[in-house]
Amino acid sequence: MSVRTDDDVETDEFTCNVTVNAVTPQYAISLSSNPTNGGTTSGGGTYDGGTSRTVTATANPGFTFVNWTEGGTAVSTSASYTFTLNGNRNLVANFESTTVTPPTKYTLTVNNGTGSGSYPAGTVVNISANTPPINKVFDKWTGDVSGVAEIDSASTTYTMGSANATITATYKDDQTANGHIESGNGVKIHTEGSSLTVKSDNIELKSVEIYHVSGQLLRSIRTSGAGIRIENLPRGVLIIKISLQGGRIETKKVRIR
């Protein structure tokens with residue numbers, strides 16, 4: 001460099017090289033598992049923007065990978081998900097259990113009948129009342145009967161609910177087994193061995209018809225009086241149709257032993 005006086009100034013030129021380095025943005029990848037015990041994830045962290053990143057989900061035993069979601073929206077169904085990082089990511093690896101959980105069973109107790117056991121809710125169970133005691137017939141089911149299809153049927157079904165249940169078959173006197181039956185019209189039927197006696201206190205008898213329970217007519221007897229005796233009847237349950245004066249008809253069921 002040279003210096004002169006007065007107004008004459010001599011200058012030298014300098015060249016300066018400046019290097020400007022661009023700043024690359026960085027973004028975070030946050031990973032989580034749903035449920036937390038369903039599996040593990042890898043690939044999370046902070047990385048340069050614009051780079052290709054891969055996150056990986058690995059299911060634990062008893063689980064299988066379902067998908068990756070972000071903000072509740074599915075973004076990939078691949079366990080290894082590759083993407084370009086252009087912003088922060090918050091990814092959830094979703095898993096589902098592969099273990100088959102047996103349904104909860106509830107206990108059905110059938111007193112005086114069959115069908116007891118443990119069943120899942122919604123199971124339709126066949127139930128039947130036991131054979132009635134001597135001189136008894138099935139009456140109805142009692143107890144937790146909300147699941148009974150036909151409460152007055154000895155053989156029906158029970159739909160299991162979401163709680164233990166107890167039902168009981170109940171019995172009543174078998175009117176057909178009684179040796180003596182009376183009606184409201186004063187008609188009396190008496191059985192003794194294979195014989196049957198029909199009497200009427202108030203109204204004259206016109207005829208007596210005896211049927212097998214199958215509907216087959218066994219005897220048809222016309223009469224005019226207050227009573228009639230019929231012998232040598234077959235054993236079993238019979239239906240007695242009694243015609244009275246004035247057109248009244250009485251029908252009863254009896255058992256001949």
# chains A, B, ... in the order shown; residues from 1 in each chain; ligands from 1
$ closest_atom_pairs --of "region 53-106 of chain A" --to "region 19-40 of chain A" --cutoff "6 Å" --atoms "only C-alpha atoms" --output "CSV"
residue,atom,partner,partner_atom,distance
A:Ala57,CA,A:Thr40,CA,5.8
A:Thr58,CA,A:Thr40,CA,5.3
A:Ala59,CA,A:Gly39,CA,4.1
A:Asn60,CA,A:Gly39,CA,4.5
A:Phe63,CA,A:Gly38,CA,5.8
A:Gly87,CA,A:Tyr27,CA,5.5
A:Asn88,CA,A:Ala28,CA,4.9
A:Arg89,CA,A:Ile29,CA,4.8
A:Asn90,CA,A:Ser30,CA,4.7
A:Leu91,CA,A:Leu31,CA,5.0
A:Val92,CA,A:Ser32,CA,4.9
A:Ala93,CA,A:Ser33,CA,4.8
A:Asn94,CA,A:Asn34,CA,4.8
A:Phe95,CA,A:Gly38,CA,5.4
$ write_last_selection --atoms "N, CA and C atoms" --output "PDB file, in the first residue's frame"
ATOM      1  N   ALA A  57     -42.310 -51.791  13.809  1.00  0.00           N
ATOM      2  CA  ALA A  57     -43.109 -52.301  14.927  1.00  0.00           C
ATOM      3  C   ALA A  57     -42.909 -53.803  15.018  1.00  0.00           C
ATOM      4  N   THR A  58     -42.704 -54.305  16.234  1.00  0.00           N
ATOM      5  CA  THR A  58     -42.515 -55.737  16.458  1.00  0.00           C
ATOM      6  C   THR A  58     -43.514 -56.207  17.503  1.00  0.00           C
ATOM      7  N   ALA A  59     -44.384 -57.121  17.109  1.00  0.00           N
ATOM      8  CA  ALA A  59     -45.430 -57.605  18.019  1.00  0.00           C
ATOM      9  C   ALA A  59     -44.843 -58.526  19.070  1.00  0.00           C
ATOM     10  N   ASN A  60     -45.365 -58.419  20.294  1.00  0.00           N
ATOM     11  CA  ASN A  60     -45.008 -59.338  21.363  1.00  0.00           C
ATOM     12  C   ASN A  60     -45.753 -60.650  21.169  1.00  0.00           C
ATOM     13  N   PHE A  63     -49.706 -61.326  20.281  1.00  0.00           N
ATOM     14  CA  PHE A  63     -50.253 -60.162  19.587  1.00  0.00           C
ATOM     15  C   PHE A  63     -49.802 -60.173  18.136  1.00  0.00           C
ATOM     16  N   GLY A  87     -41.540 -33.063   8.794  1.00  0.00           N
ATOM     17  CA  GLY A  87     -42.126 -32.424   9.961  1.00  0.00           C
ATOM     18  C   GLY A  87     -42.146 -33.407  11.116  1.00  0.00           C
ATOM     19  N   ASN A  88     -42.491 -32.907  12.282  1.00  0.00           N
ATOM     20  CA  ASN A  88     -42.585 -33.797  13.436  1.00  0.00           C
ATOM     21  C   ASN A  88     -43.654 -34.866  13.191  1.00  0.00           C
ATOM     22  N   ARG A  89     -43.352 -36.085  13.655  1.00  0.00           N
ATOM     23  CA  ARG A  89     -44.311 -37.188  13.498  1.00  0.00           C
ATOM     24  C   ARG A  89     -44.600 -37.814  14.865  1.00  0.00           C
ATOM     25  N   ASN A  90     -45.858 -38.139  15.071  1.00  0.00           N
ATOM     26  CA  ASN A  90     -46.273 -38.796  16.316  1.00  0.00           C
ATOM     27  C   ASN A  90     -47.038 -40.057  15.913  1.00  0.00           C
ATOM     28  N   LEU A  91     -46.338 -41.171  15.846  1.00  0.00           N
ATOM     29  CA  LEU A  91     -46.879 -42.405  15.286  1.00  0.00           C
ATOM     30  C   LEU A  91     -47.199 -43.422  16.378  1.00  0.00           C
ATOM     31  N   VAL A  92     -48.328 -44.109  16.174  1.00  0.00           N
ATOM     32  CA  VAL A  92     -48.759 -45.142  17.116  1.00  0.00           C
ATOM     33  C   VAL A  92     -48.810 -46.474  16.383  1.00  0.00           C
ATOM     34  N   ALA A  93     -48.102 -47.463  16.927  1.00  0.00           N
ATOM     35  CA  ALA A  93     -48.164 -48.826  16.390  1.00  0.00           C
ATOM     36  C   ALA A  93     -49.289 -49.568  17.109  1.00  0.00           C
ATOM     37  N   ASN A  94     -50.266 -50.033  16.339  1.00  0.00           N
ATOM     38  CA  ASN A  94     -51.432 -50.702  16.919  1.00  0.00           C
ATOM     39  C   ASN A  94     -51.305 -52.212  16.773  1.00  0.00           C
ATOM     40  N   PHE A  95     -51.618 -52.912  17.867  1.00  0.00           N
ATOM     41  CA  PHE A  95     -51.549 -54.364  17.899  1.00  0.00           C
ATOM     42  C   PHE A  95     -52.886 -54.914  18.387  1.00  0.00           C
TER      43      PHE A  95
END
$ residues_around --residues "Leu233 (chain A)" --least-positions-apart "3" --cutoff "8 Å" --atoms "only C-alpha atoms" --output "PyMOL selection string"
chain A and resi 194-196+230+256
$ select_by_dssp --residues "region 2-248 of chain A" --states "strand (DSSP E or B)" --output "PyMOL selection string"
chain A and resi 26-34+39-42+45-48+52-59+63-70+73-76+80-84+89-97+105-111+113-114+117-120+124-129+136-143+148+155-159+165-173+180-182+187-192+195-200+205-212+217-225+227-230+236-244
$ residues_around --residues "Ser116 (chain A)" --least-positions-apart "5" --cutoff "12 Å" --atoms "only C-alpha atoms" --output "list of chain:residue names"
A:Tyr106, A:Thr107, A:Leu108, A:Thr109, A:Val110, A:Asn111, A:Val125, A:Asn126, A:Ile127, A:Ser128, A:Ala129, A:Thr157, A:Tyr158, A:Met160, A:Asn164, A:Ala165, A:Thr166, A:Ile167, A:Thr168
$ write_last_selection --atoms "all heavy atoms" --output "short mmCIF file (atom, residue, chain, number, x, y, z; two decimals), in the first residue's frame"
data_model
loop_
_atom_site.label_atom_id
_atom_site.label_comp_id
_atom_site.auth_asym_id
_atom_site.auth_seq_id
_atom_site.Cartn_x
_atom_site.Cartn_y
_atom_site.Cartn_z
N TYR A 106 -71.94 -69.28 32.83
CA TYR A 106 -72.79 -69.11 34.00
C TYR A 106 -73.49 -70.44 34.30
O TYR A 106 -73.72 -71.25 33.40
CB TYR A 106 -73.82 -68.01 33.75
CG TYR A 106 -73.19 -66.68 33.41
CD1 TYR A 106 -72.99 -66.31 32.07
CD2 TYR A 106 -72.74 -65.81 34.40
CE1 TYR A 106 -72.38 -65.11 31.74
CE2 TYR A 106 -72.14 -64.61 34.08
CZ TYR A 106 -71.96 -64.26 32.75
OH TYR A 106 -71.35 -63.08 32.44
N THR A 107 -73.79 -70.65 35.57
CA THR A 107 -74.33 -71.93 36.02
C THR A 107 -75.86 -71.93 35.99
O THR A 107 -76.50 -71.04 36.54
CB THR A 107 -73.85 -72.26 37.44
OG1 THR A 107 -72.42 -72.31 37.45
CG2 THR A 107 -74.42 -73.60 37.91
N LEU A 108 -76.40 -72.95 35.34
CA LEU A 108 -77.84 -73.18 35.35
C LEU A 108 -78.10 -74.41 36.20
O LEU A 108 -77.57 -75.50 35.93
CB LEU A 108 -78.37 -73.41 33.93
CG LEU A 108 -79.84 -73.83 33.83
CD1 LEU A 108 -80.76 -72.73 34.36
CD2 LEU A 108 -80.21 -74.17 32.38
N THR A 109 -78.91 -74.24 37.25
CA THR A 109 -79.29 -75.35 38.12
C THR A 109 -80.76 -75.69 37.88
O THR A 109 -81.62 -74.82 38.02
CB THR A 109 -79.08 -74.99 39.60
OG1 THR A 109 -77.70 -74.64 39.81
CG2 THR A 109 -79.44 -76.16 40.50
N VAL A 110 -81.01 -76.92 37.47
CA VAL A 110 -82.38 -77.37 37.20
C VAL A 110 -82.76 -78.37 38.28
O VAL A 110 -82.26 -79.50 38.30
CB VAL A 110 -82.49 -78.02 35.80
CG1 VAL A 110 -83.93 -78.44 35.53
CG2 VAL A 110 -82.01 -77.05 34.72
N ASN A 111 -83.62 -77.95 39.18
CA ASN A 111 -84.13 -78.84 40.22
C ASN A 111 -85.30 -79.66 39.68
O ASN A 111 -86.15 -79.14 38.96
CB ASN A 111 -84.58 -78.04 41.44
CG ASN A 111 -83.42 -77.32 42.12
OD1 ASN A 111 -82.33 -77.87 42.23
ND2 ASN A 111 -83.65 -76.10 42.56
N VAL A 125 -80.59 -73.92 26.08
CA VAL A 125 -80.41 -75.21 26.74
C VAL A 125 -81.74 -75.96 26.75
O VAL A 125 -82.79 -75.38 27.08
CB VAL A 125 -79.92 -75.02 28.19
CG1 VAL A 125 -79.67 -76.36 28.84
CG2 VAL A 125 -78.67 -74.15 28.21
N ASN A 126 -81.71 -77.24 26.40
CA ASN A 126 -82.91 -78.07 26.52
C ASN A 126 -83.10 -78.48 27.98
O ASN A 126 -82.16 -78.99 28.61
CB ASN A 126 -82.77 -79.32 25.65
CG ASN A 126 -82.79 -79.01 24.17
OD1 ASN A 126 -83.53 -78.15 23.72
ND2 ASN A 126 -81.97 -79.71 23.40
N ILE A 127 -84.27 -78.24 28.51
CA ILE A 127 -84.58 -78.63 29.88
C ILE A 127 -85.81 -79.51 29.90
O ILE A 127 -86.72 -79.33 29.08
CB ILE A 127 -84.79 -77.40 30.79
CG1 ILE A 127 -85.93 -76.52 30.27
CG2 ILE A 127 -83.52 -76.59 30.94
CD1 ILE A 127 -86.33 -75.39 31.20
N SER A 128 -85.83 -80.48 30.82
CA SER A 128 -86.97 -81.38 30.95
C SER A 128 -87.21 -81.68 32.42
O SER A 128 -86.26 -81.87 33.19
CB SER A 128 -86.73 -82.69 30.19
OG SER A 128 -86.64 -82.46 28.79
N ALA A 129 -88.48 -81.72 32.78
CA ALA A 129 -88.84 -82.08 34.15
C ALA A 129 -88.73 -83.59 34.32
O ALA A 129 -88.94 -84.35 33.38
CB ALA A 129 -90.25 -81.62 34.46
N THR A 157 -87.10 -75.09 26.50
CA THR A 157 -85.73 -74.61 26.43
C THR A 157 -85.53 -73.45 27.38
O THR A 157 -86.48 -72.77 27.78
CB THR A 157 -85.36 -74.15 25.01
OG1 THR A 157 -86.24 -73.08 24.60
CG2 THR A 157 -85.46 -75.30 24.02
N TYR A 158 -84.26 -73.24 27.73
CA TYR A 158 -83.89 -72.12 28.59
C TYR A 158 -82.77 -71.35 27.91
O TYR A 158 -81.75 -71.94 27.53
CB TYR A 158 -83.42 -72.61 29.97
CG TYR A 158 -83.21 -71.50 30.96
CD1 TYR A 158 -84.23 -71.12 31.83
CD2 TYR A 158 -82.00 -70.82 31.04
CE1 TYR A 158 -84.06 -70.08 32.73
CE2 TYR A 158 -81.82 -69.79 31.94
CZ TYR A 158 -82.84 -69.43 32.79
OH TYR A 158 -82.67 -68.40 33.68
N MET A 160 -79.81 -68.93 28.28
CA MET A 160 -78.95 -68.51 29.39
C MET A 160 -78.69 -67.02 29.34
O MET A 160 -78.40 -66.44 28.29
CB MET A 160 -77.62 -69.27 29.31
CG MET A 160 -76.87 -69.32 30.60
SD MET A 160 -77.76 -70.31 31.82
CE MET A 160 -77.07 -69.67 33.33
N ASN A 164 -75.84 -66.50 36.99
CA ASN A 164 -76.26 -67.84 37.39
C ASN A 164 -77.77 -67.87 37.58
O ASN A 164 -78.37 -66.86 37.95
CB ASN A 164 -75.56 -68.24 38.68
CG ASN A 164 -74.05 -68.35 38.51
OD1 ASN A 164 -73.56 -68.62 37.41
ND2 ASN A 164 -73.31 -68.15 39.58
N ALA A 165 -78.37 -69.02 37.32
CA ALA A 165 -79.83 -69.13 37.42
C ALA A 165 -80.23 -70.48 37.99
O ALA A 165 -79.52 -71.48 37.80
CB ALA A 165 -80.48 -68.93 36.05
N THR A 166 -81.35 -70.49 38.70
CA THR A 166 -81.90 -71.72 39.24
C THR A 166 -83.38 -71.80 38.90
O THR A 166 -84.13 -70.84 39.12
CB THR A 166 -81.74 -71.78 40.77
OG1 THR A 166 -80.34 -71.74 41.10
CG2 THR A 166 -82.35 -73.06 41.33
N ILE A 167 -83.80 -72.92 38.33
CA ILE A 167 -85.22 -73.14 38.03
C ILE A 167 -85.63 -74.48 38.62
O ILE A 167 -84.81 -75.38 38.80
CB ILE A 167 -85.51 -73.11 36.52
CG1 ILE A 167 -84.66 -74.13 35.77
CG2 ILE A 167 -85.29 -71.72 35.96
CD1 ILE A 167 -84.98 -74.24 34.31
N THR A 168 -86.91 -74.60 38.93
CA THR A 168 -87.42 -75.81 39.57
C THR A 168 -88.69 -76.27 38.88
O THR A 168 -89.59 -75.46 38.64
CB THR A 168 -87.71 -75.55 41.05
OG1 THR A 168 -86.49 -75.13 41.71
CG2 THR A 168 -88.24 -76.81 41.73
#
$ atom_distance --atom1 "CA of Asp174 (chain A)" --atom2 "CA of Ser220 (chain A)"
25.2 Å
$ residues_around --residues "Val198 (chain A)" --least-positions-apart "6" --cutoff "12 Å" --atoms "only C-alpha atoms" --output "VMD selection string"
chain A and resid 179 to 183 186 to 192 204 to 210 221 223 225 to 231 240 to 244 250 to 252 254
$ atom_distance --atom1 "CA of Tyr211 (chain A)" --atom2 "CA of Lys140 (chain A)"
26.7 Å
$ atom_distance --atom1 "CA of Thr99 (chain A)" --atom2 "CA of Val124 (chain A)"
26.0 Å
$ closest_residue --among "A:Thr73, A:Asn86, A:Ser42, A:Thr170" --to "Gly143 (chain A)" --atoms "only C-alpha atoms"
A:Thr170
$ closest_residue --among "A:Gly161, A:Gly62, A:Gly113, A:Pro103" --to "Pro132 (chain A)" --atoms "only C-alpha atoms"
A:Gly113
$ residues_around --residues "Thr131 (chain A)" --least-positions-apart "3" --cutoff "10 Å" --atoms "only C-alpha atoms" --output "VMD selection string"
chain A and resid 112 to 113 128 134 136 to 138 154 171
$ decode --residues "region 26-41 of chain A" --atoms "N, CA, C and O atoms" --output "tab-separated table (two decimals), in the first residue's frame"
chain	number	residue	atom	x	y	z
A	26	GLN	N	-34.45	-29.85	11.73
A	26	GLN	CA	-34.56	-31.19	12.29
A	26	GLN	C	-35.97	-31.40	12.86
A	26	GLN	O	-36.58	-30.46	13.39
A	27	TYR	N	-36.42	-32.63	12.74
A	27	TYR	CA	-37.75	-32.95	13.22
A	27	TYR	C	-37.70	-34.21	14.10
A	27	TYR	O	-36.81	-35.06	13.95
A	28	ALA	N	-38.67	-34.30	14.98
A	28	ALA	CA	-38.72	-35.43	15.93
A	28	ALA	C	-39.73	-36.47	15.48
A	28	ALA	O	-40.81	-36.14	14.98
A	29	ILE	N	-39.37	-37.73	15.67
A	29	ILE	CA	-40.29	-38.86	15.44
A	29	ILE	C	-40.57	-39.50	16.79
A	29	ILE	O	-39.67	-40.04	17.43
A	30	SER	N	-41.83	-39.39	17.22
A	30	SER	CA	-42.25	-39.97	18.50
A	30	SER	C	-43.05	-41.24	18.22
A	30	SER	O	-43.96	-41.23	17.39
A	31	LEU	N	-42.72	-42.32	18.92
A	31	LEU	CA	-43.37	-43.61	18.70
A	31	LEU	C	-43.99	-44.13	20.00
A	31	LEU	O	-43.46	-43.91	21.08
A	32	SER	N	-45.12	-44.84	19.86
A	32	SER	CA	-45.76	-45.48	21.01
A	32	SER	C	-46.50	-46.72	20.53
A	32	SER	O	-46.75	-46.90	19.33
A	33	SER	N	-46.85	-47.60	21.49
A	33	SER	CA	-47.55	-48.86	21.18
A	33	SER	C	-48.94	-48.84	21.81
A	33	SER	O	-49.13	-48.34	22.91
A	34	ASN	N	-49.90	-49.41	21.09
A	34	ASN	CA	-51.28	-49.54	21.59
A	34	ASN	C	-51.78	-50.96	21.33
A	34	ASN	O	-51.91	-51.36	20.17
A	35	PRO	N	-52.03	-51.76	22.38
A	35	PRO	CA	-51.78	-51.46	23.79
A	35	PRO	C	-50.30	-51.47	24.09
A	35	PRO	O	-49.52	-51.97	23.28
A	36	THR	N	-49.96	-50.98	25.25
A	36	THR	CA	-48.54	-50.84	25.56
A	36	THR	C	-47.82	-52.17	25.62
A	36	THR	O	-46.62	-52.24	25.34
A	37	ASN	N	-48.56	-53.24	25.97
A	37	ASN	CA	-47.93	-54.56	26.03
A	37	ASN	C	-48.05	-55.33	24.73
A	37	ASN	O	-47.70	-56.50	24.64
A	38	GLY	N	-48.57	-54.66	23.70
A	38	GLY	CA	-48.78	-55.33	22.43
A	38	GLY	C	-47.52	-55.55	21.62
A	38	GLY	O	-47.44	-56.47	20.81
A	39	GLY	N	-46.52	-54.70	21.82
A	39	GLY	CA	-45.29	-54.83	21.05
A	39	GLY	C	-44.35	-53.67	21.28
A	39	GLY	O	-44.63	-52.77	22.08
A	40	THR	N	-43.25	-53.68	20.55
A	40	THR	CA	-42.24	-52.62	20.68
A	40	THR	C	-42.07	-51.90	19.36
A	40	THR	O	-42.49	-52.40	18.30
A	41	THR	N	-41.45	-50.71	19.44
A	41	THR	CA	-41.21	-49.91	18.24
A	41	THR	C	-39.76	-49.45	18.22
A	41	THR	O	-39.11	-49.33	19.26
